[in-house]
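*Asks:* What follows is a structure written as structure tokens; I'll ask about it next.
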Amino acid sequence: MDGTVEGFRYGAVTPVAAYVMACLGGALGLRCIVRSLLNARSWKPGWLALGAASIGCGIWTMHFIAMIGFHVEETRVRYDAATTVLSLVVAVVVVGVGVFIVGYRGTGGATLAVAGVVTGLGVAVMHYLGMAAMRLNGDIGYDPLGVTLSVLIAIAAATAALWAAVTVRGLWTSLGASLVMGVAVSGMHYTGMAAVSVHVHDAPGGTWAGESPLSLLLPMLLGPVVFLLLAGVVVMFDPLLVLGERPSPSHPTATAANSVPAPRGSGHDTVSRARRR
């Protein structure tokens, strides 16, 4: 028989918390990538890796916080720990591939398209790997149209995020871009979840051993959440990350321009002497 699927068992708590984590990961990732571009003397691979890990952890954390609210009335839902960890690794690696591509090759049309498709497909694989980690007394089915739409949203979200990572420099614009990223990632997740159906086995039994959502997911979520908080500390204590782009040597600031003394004998010097008289 068909199971009764519920995606919001705890009301708005899980989708809101999931959205916040997606935004946090996106904001930290964008600032770290910007940091690698602002200072040529900085360790670029390290900042890009930190940015990729932040975005990947944010996406993965968003997914599994949202999955805490997933419930099938006729059967318990459990998770396989190994597959759940594998989905985290996939999330970080595929985001890293896209980030390093645009970090070193820029956002040309072909480069951005390749990086966006690779990263988007990787995010979709992470999502469905997380779904494959579920163990329940039944079979999970997917509506092909919903799955296709979720993959397209993932590719669009990844492409926009990678473009923003190397194009948006200001602090507030980065924060705005991260809010849009959060909407896109959450939209991809819940579009994929809307395509889910569960056929529950009539007889109890079957291979569905595993950990319950709260007993497995909550402890596993602590690691990525702590990592994001530590990445946030790094961002907060780096002035270049907080303030954004530094003045270019070819475009000095007004302060710097005013600090240059006027040549003796110039009109400015004459006016100054006249005022002193």
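Convention: chains lettered A, B, ... in structure tokens order; per-chain residue numbering from 1; ligands numbered from 1 as shown.
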Just the strand (DSSP E) stuff from range 90-222 of chain A, please, per backbone DSSP, written as a list in words.

*Replies:*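 Across range 90-222 of chain A, those assigned strand (DSSP E) are Met134, Arg135, Gly138, Asp139, Ile140, Gly141, Tyr142, Val196, Ser197, Val198, His199 and Val200 of chain A.
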
*Asks:* Could you take the residues named above and write them with N, CA, C and O atoms, as a PDB file, in the first residue's frame?

*Replies:*
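Output saved as result-v2.pdb:
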```pdb
ATOM      1  N   MET A 134      18.232   6.147   3.525  1.00  0.00           N
ATOM      2  CA  MET A 134      17.058   5.827   4.328  1.00  0.00           C
ATOM      3  C   MET A 134      16.766   4.332   4.319  1.00  0.00           C
ATOM      4  O   MET A 134      16.907   3.673   3.290  1.00  0.00           O
ATOM      5  N   ARG A 135      16.373   3.840   5.455  1.00  0.00           N
ATOM      6  CA  ARG A 135      15.973   2.442   5.602  1.00  0.00           C
ATOM      7  C   ARG A 135      14.561   2.422   6.190  1.00  0.00           C
ATOM      8  O   ARG A 135      14.332   2.982   7.266  1.00  0.00           O
ATOM      9  N   GLY A 138       9.587  -0.553   3.189  1.00  0.00           N
ATOM     10  CA  GLY A 138       8.889  -0.216   1.969  1.00  0.00           C
ATOM     11  C   GLY A 138       9.864   0.162   0.874  1.00  0.00           C
ATOM     12  O   GLY A 138      11.092   0.086   1.043  1.00  0.00           O
ATOM     13  N   ASP A 139       9.341   0.573  -0.242  1.00  0.00           N
ATOM     14  CA  ASP A 139      10.136   0.976  -1.399  1.00  0.00           C
ATOM     15  C   ASP A 139       9.873   2.443  -1.702  1.00  0.00           C
ATOM     16  O   ASP A 139       8.719   2.892  -1.696  1.00  0.00           O
ATOM     17  N   ILE A 140      10.948   3.183  -1.979  1.00  0.00           N
ATOM     18  CA  ILE A 140      10.837   4.610  -2.287  1.00  0.00           C
ATOM     19  C   ILE A 140      10.777   4.785  -3.796  1.00  0.00           C
ATOM     20  O   ILE A 140      11.604   4.233  -4.538  1.00  0.00           O
ATOM     21  N   GLY A 141       9.806   5.542  -4.258  1.00  0.00           N
ATOM     22  CA  GLY A 141       9.683   5.849  -5.679  1.00  0.00           C
ATOM     23  C   GLY A 141       9.803   7.347  -5.922  1.00  0.00           C
ATOM     24  O   GLY A 141       9.637   8.162  -5.008  1.00  0.00           O
ATOM     25  N   TYR A 142      10.113   7.707  -7.168  1.00  0.00           N
ATOM     26  CA  TYR A 142      10.298   9.111  -7.522  1.00  0.00           C
ATOM     27  C   TYR A 142       9.535   9.432  -8.802  1.00  0.00           C
ATOM     28  O   TYR A 142       9.531   8.637  -9.754  1.00  0.00           O
ATOM     29  N   VAL A 196       8.767  12.384  -4.117  1.00  0.00           N
ATOM     30  CA  VAL A 196       8.932  11.110  -3.402  1.00  0.00           C
ATOM     31  C   VAL A 196       7.580  10.470  -3.118  1.00  0.00           C
ATOM     32  O   VAL A 196       6.620  11.148  -2.720  1.00  0.00           O
ATOM     33  N   SER A 197       7.520   9.166  -3.311  1.00  0.00           N
ATOM     34  CA  SER A 197       6.387   8.359  -2.866  1.00  0.00           C
ATOM     35  C   SER A 197       6.932   7.094  -2.219  1.00  0.00           C
ATOM     36  O   SER A 197       8.044   6.652  -2.543  1.00  0.00           O
ATOM     37  N   VAL A 198       6.202   6.541  -1.277  1.00  0.00           N
ATOM     38  CA  VAL A 198       6.641   5.355  -0.548  1.00  0.00           C
ATOM     39  C   VAL A 198       5.565   4.277  -0.658  1.00  0.00           C
ATOM     40  O   VAL A 198       4.397   4.524  -0.343  1.00  0.00           O
ATOM     41  N   HIS A 199       5.987   3.107  -1.134  1.00  0.00           N
ATOM     42  CA  HIS A 199       5.090   1.945  -1.153  1.00  0.00           C
ATOM     43  C   HIS A 199       5.474   1.060   0.030  1.00  0.00           C
ATOM     44  O   HIS A 199       6.550   0.471   0.043  1.00  0.00           O
ATOM     45  N   VAL A 200       4.608   0.981   1.013  1.00  0.00           N
ATOM     46  CA  VAL A 200       4.894   0.246   2.241  1.00  0.00           C
ATOM     47  C   VAL A 200       4.578  -1.232   2.037  1.00  0.00           C
ATOM     48  O   VAL A 200       3.541  -1.591   1.455  1.00  0.00           O
TER      49      VAL A 200
END
```

*Asks:* I'd like the contact shell of Leu88 in chain A - 8 Å cut-off, only C-alpha atoms, skipping same-chain residues fewer than 5 positions apart - returned as JSON, numbers by chain.

*Replies:* {"A": [56, 57, 60, 126]}

*Asks:* Export N, CA, C and O atoms of the chosen residues as an mmCIF file, in the first residue's frame?

*Replies:*
```cif
data_model
loop_
_atom_site.group_PDB
_atom_site.id
_atom_site.type_symbol
_atom_site.label_atom_id
_atom_site.label_comp_id
_atom_site.auth_asym_id
_atom_site.auth_seq_id
_atom_site.Cartn_x
_atom_site.Cartn_y
_atom_site.Cartn_z
ATOM 1 N N GLY A 56 29.756 23.275 0.861
ATOM 2 C CA GLY A 56 29.355 21.870 0.862
ATOM 3 C C GLY A 56 28.729 21.448 2.176
ATOM 4 O O GLY A 56 27.690 20.773 2.195
ATOM 5 N N CYS A 57 29.335 21.864 3.286
ATOM 6 C CA CYS A 57 28.761 21.536 4.600
ATOM 7 C C CYS A 57 27.414 22.214 4.794
ATOM 8 O O CYS A 57 26.495 21.634 5.396
ATOM 9 N N TRP A 60 24.841 20.171 2.752
ATOM 10 C CA TRP A 60 24.584 18.866 3.374
ATOM 11 C C TRP A 60 23.808 19.022 4.678
ATOM 12 O O TRP A 60 22.863 18.270 4.943
ATOM 13 N N MET A 126 24.372 14.222 -4.163
ATOM 14 C CA MET A 126 24.391 14.259 -2.707
ATOM 15 C C MET A 126 22.985 14.101 -2.134
ATOM 16 O O MET A 126 22.757 13.337 -1.190
#
```

*Asks:* Could you pull out all residues of range 31-88 of chain A with a DSSP call of helix (DSSP H, G or I) and give them as a PyMOL selection string?

*Replies:* chain A and resi 31-38+44-68+81-88

*Asks:* Can you pull out the residues contacting range 226-234 of chain A? Cut-off 7 Å, using only C-alpha atoms, and skip same-chain residues under 5 positions away; I want them as a PyMOL selection string.

*Replies:* chain A and resi 25+28+54

*Asks:* Please provide the set of residues having any atom within 12 Å of Gly58 in chain A, restricted to only C-alpha atoms, with same-chain residues fewer than 5 positions apart removed, written as JSON, numbers by chain.

*Replies:* {"A": [17, 18, 19, 20, 21, 22, 23, 24, 25, 26, 27, 28, 29, 30, 51, 52, 53, 63, 64, 65, 88, 91, 92, 95, 123, 178, 181, 182, 185, 186, 221, 223, 224, 225, 226, 227, 228, 229, 231]}

*Asks:* List as a PDB file with all heavy atoms, in the first residue's frame the protein and nucleic acid residues near Leu136 in chain A, meaning an atom at most 7 Å away when only C-alpha atoms are counted, but skip any in the same chain fewer than 3 places from it.

*Replies:*
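The resulting selection-v4.pdb:
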```pdb
ATOM      1  N   THR A  75       5.486   3.456   8.760  1.00  0.00           N
ATOM      2  CA  THR A  75       6.734   2.759   9.036  1.00  0.00           C
ATOM      3  C   THR A  75       7.751   3.715   9.639  1.00  0.00           C
ATOM      4  O   THR A  75       7.706   4.933   9.385  1.00  0.00           O
ATOM      5  CB  THR A  75       7.326   2.137   7.757  1.00  0.00           C
ATOM      6  OG1 THR A  75       8.582   1.512   8.047  1.00  0.00           O
ATOM      7  CG2 THR A  75       7.541   3.182   6.684  1.00  0.00           C
ATOM      8  N   ARG A  76       8.641   3.173  10.418  1.00  0.00           N
ATOM      9  CA  ARG A  76       9.741   3.977  10.938  1.00  0.00           C
ATOM     10  C   ARG A  76      10.746   4.257   9.829  1.00  0.00           C
ATOM     11  O   ARG A  76      10.918   3.463   8.914  1.00  0.00           O
ATOM     12  CB  ARG A  76      10.438   3.248  12.084  1.00  0.00           C
ATOM     13  CG  ARG A  76       9.609   3.118  13.358  1.00  0.00           C
ATOM     14  CD  ARG A  76      10.383   2.362  14.421  1.00  0.00           C
ATOM     15  NE  ARG A  76      10.649   0.983  14.012  1.00  0.00           N
ATOM     16  CZ  ARG A  76      11.464   0.162  14.670  1.00  0.00           C
ATOM     17  NH1 ARG A  76      12.119   0.587  15.734  1.00  0.00           N
ATOM     18  NH2 ARG A  76      11.648  -1.070  14.246  1.00  0.00           N
ATOM     19  N   VAL A  77      11.424   5.389   9.925  1.00  0.00           N
ATOM     20  CA  VAL A  77      12.469   5.763   8.978  1.00  0.00           C
ATOM     21  C   VAL A  77      13.796   5.780   9.711  1.00  0.00           C
ATOM     22  O   VAL A  77      13.931   6.427  10.759  1.00  0.00           O
ATOM     23  CB  VAL A  77      12.193   7.143   8.345  1.00  0.00           C
ATOM     24  CG1 VAL A  77      13.324   7.538   7.405  1.00  0.00           C
ATOM     25  CG2 VAL A  77      10.867   7.135   7.607  1.00  0.00           C
ATOM     26  N   ARG A  78      14.761   5.057   9.171  1.00  0.00           N
ATOM     27  CA  ARG A  78      16.097   5.024   9.754  1.00  0.00           C
ATOM     28  C   ARG A  78      17.124   5.334   8.672  1.00  0.00           C
ATOM     29  O   ARG A  78      16.782   5.403   7.490  1.00  0.00           O
ATOM     30  CB  ARG A  78      16.362   3.670  10.418  1.00  0.00           C
ATOM     31  CG  ARG A  78      15.427   3.399  11.595  1.00  0.00           C
ATOM     32  CD  ARG A  78      15.763   2.096  12.317  1.00  0.00           C
ATOM     33  NE  ARG A  78      14.882   1.905  13.465  1.00  0.00           N
ATOM     34  CZ  ARG A  78      15.109   2.404  14.675  1.00  0.00           C
ATOM     35  NH1 ARG A  78      16.197   3.123  14.884  1.00  0.00           N
ATOM     36  NH2 ARG A  78      14.271   2.193  15.658  1.00  0.00           N
ATOM     37  N   TRP A 208      15.709  -3.015   6.782  1.00  0.00           N
ATOM     38  CA  TRP A 208      15.580  -1.581   7.048  1.00  0.00           C
ATOM     39  C   TRP A 208      16.184  -1.216   8.393  1.00  0.00           C
ATOM     40  O   TRP A 208      15.763  -0.312   9.064  1.00  0.00           O
ATOM     41  CB  TRP A 208      14.125  -1.134   6.940  1.00  0.00           C
ATOM     42  CG  TRP A 208      13.152  -1.840   7.838  1.00  0.00           C
ATOM     43  CD1 TRP A 208      12.844  -3.156   7.837  1.00  0.00           C
ATOM     44  CD2 TRP A 208      12.369  -1.248   8.865  1.00  0.00           C
ATOM     45  NE1 TRP A 208      11.914  -3.436   8.796  1.00  0.00           N
ATOM     46  CE2 TRP A 208      11.596  -2.283   9.437  1.00  0.00           C
ATOM     47  CE3 TRP A 208      12.228   0.044   9.352  1.00  0.00           C
ATOM     48  CZ2 TRP A 208      10.700  -2.066  10.480  1.00  0.00           C
ATOM     49  CZ3 TRP A 208      11.337   0.260  10.381  1.00  0.00           C
ATOM     50  CH2 TRP A 208      10.580  -0.784  10.938  1.00  0.00           C
TER      51      TRP A 208
END
```

*Asks:* Interatomic distance between CA of Trp172 in chain A and CA of Ala49 in chain A?

*Replies:*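 The value is 22.5 Å.
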
*Asks:* So that I can see what lies close to range 158-171 of chain A, please list as a ChimeraX atom specification the residues with an atom at most 6 Å from it, counting only C-alpha atoms and leaving out residues fewer than 5 positions away in the same chain.

*Replies:* /A:30,116,119-120,244

*Asks:* Would you compute the distance between CA of Asp80 in chain A and CA of Tyr128 in chain A? Give it in Å to one decimal.

*Replies:* 13.4 Å

*Asks:* I'd like the interatomic distance between CA of Phe70 in chain A and CA of Val93 in chain A, to a tenth of an Å.

*Replies:*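 Taking CA of Phe70 in chain A as the start and CA of Val93 in chain A as the end point, the length is 26.1 Å.
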
*Asks:* Name all residues at most 8 Å from Thr4 in chain A (count only C-alpha atoms; drop same-chain ones fewer than 5 positions away) and give them as a PyMOL selection string.

*Replies:* chain A and resi 72-74+198

*Asks:* Restricting the calculation to only C-alpha atoms: of A:Met193, A:Leu48, A:Val90, A:Ala133, which residue gets closest to Leu149 in chain A?

*Replies:*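 So, comparing all the options, the nearest one is A:Met193.
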
*Asks:* Between A:Val5, A:Cys32, A:Ala156, A:Val89, which one has atoms that come closest to His127 in chain A, using only C-alpha atoms?

*Replies:* A:Val89
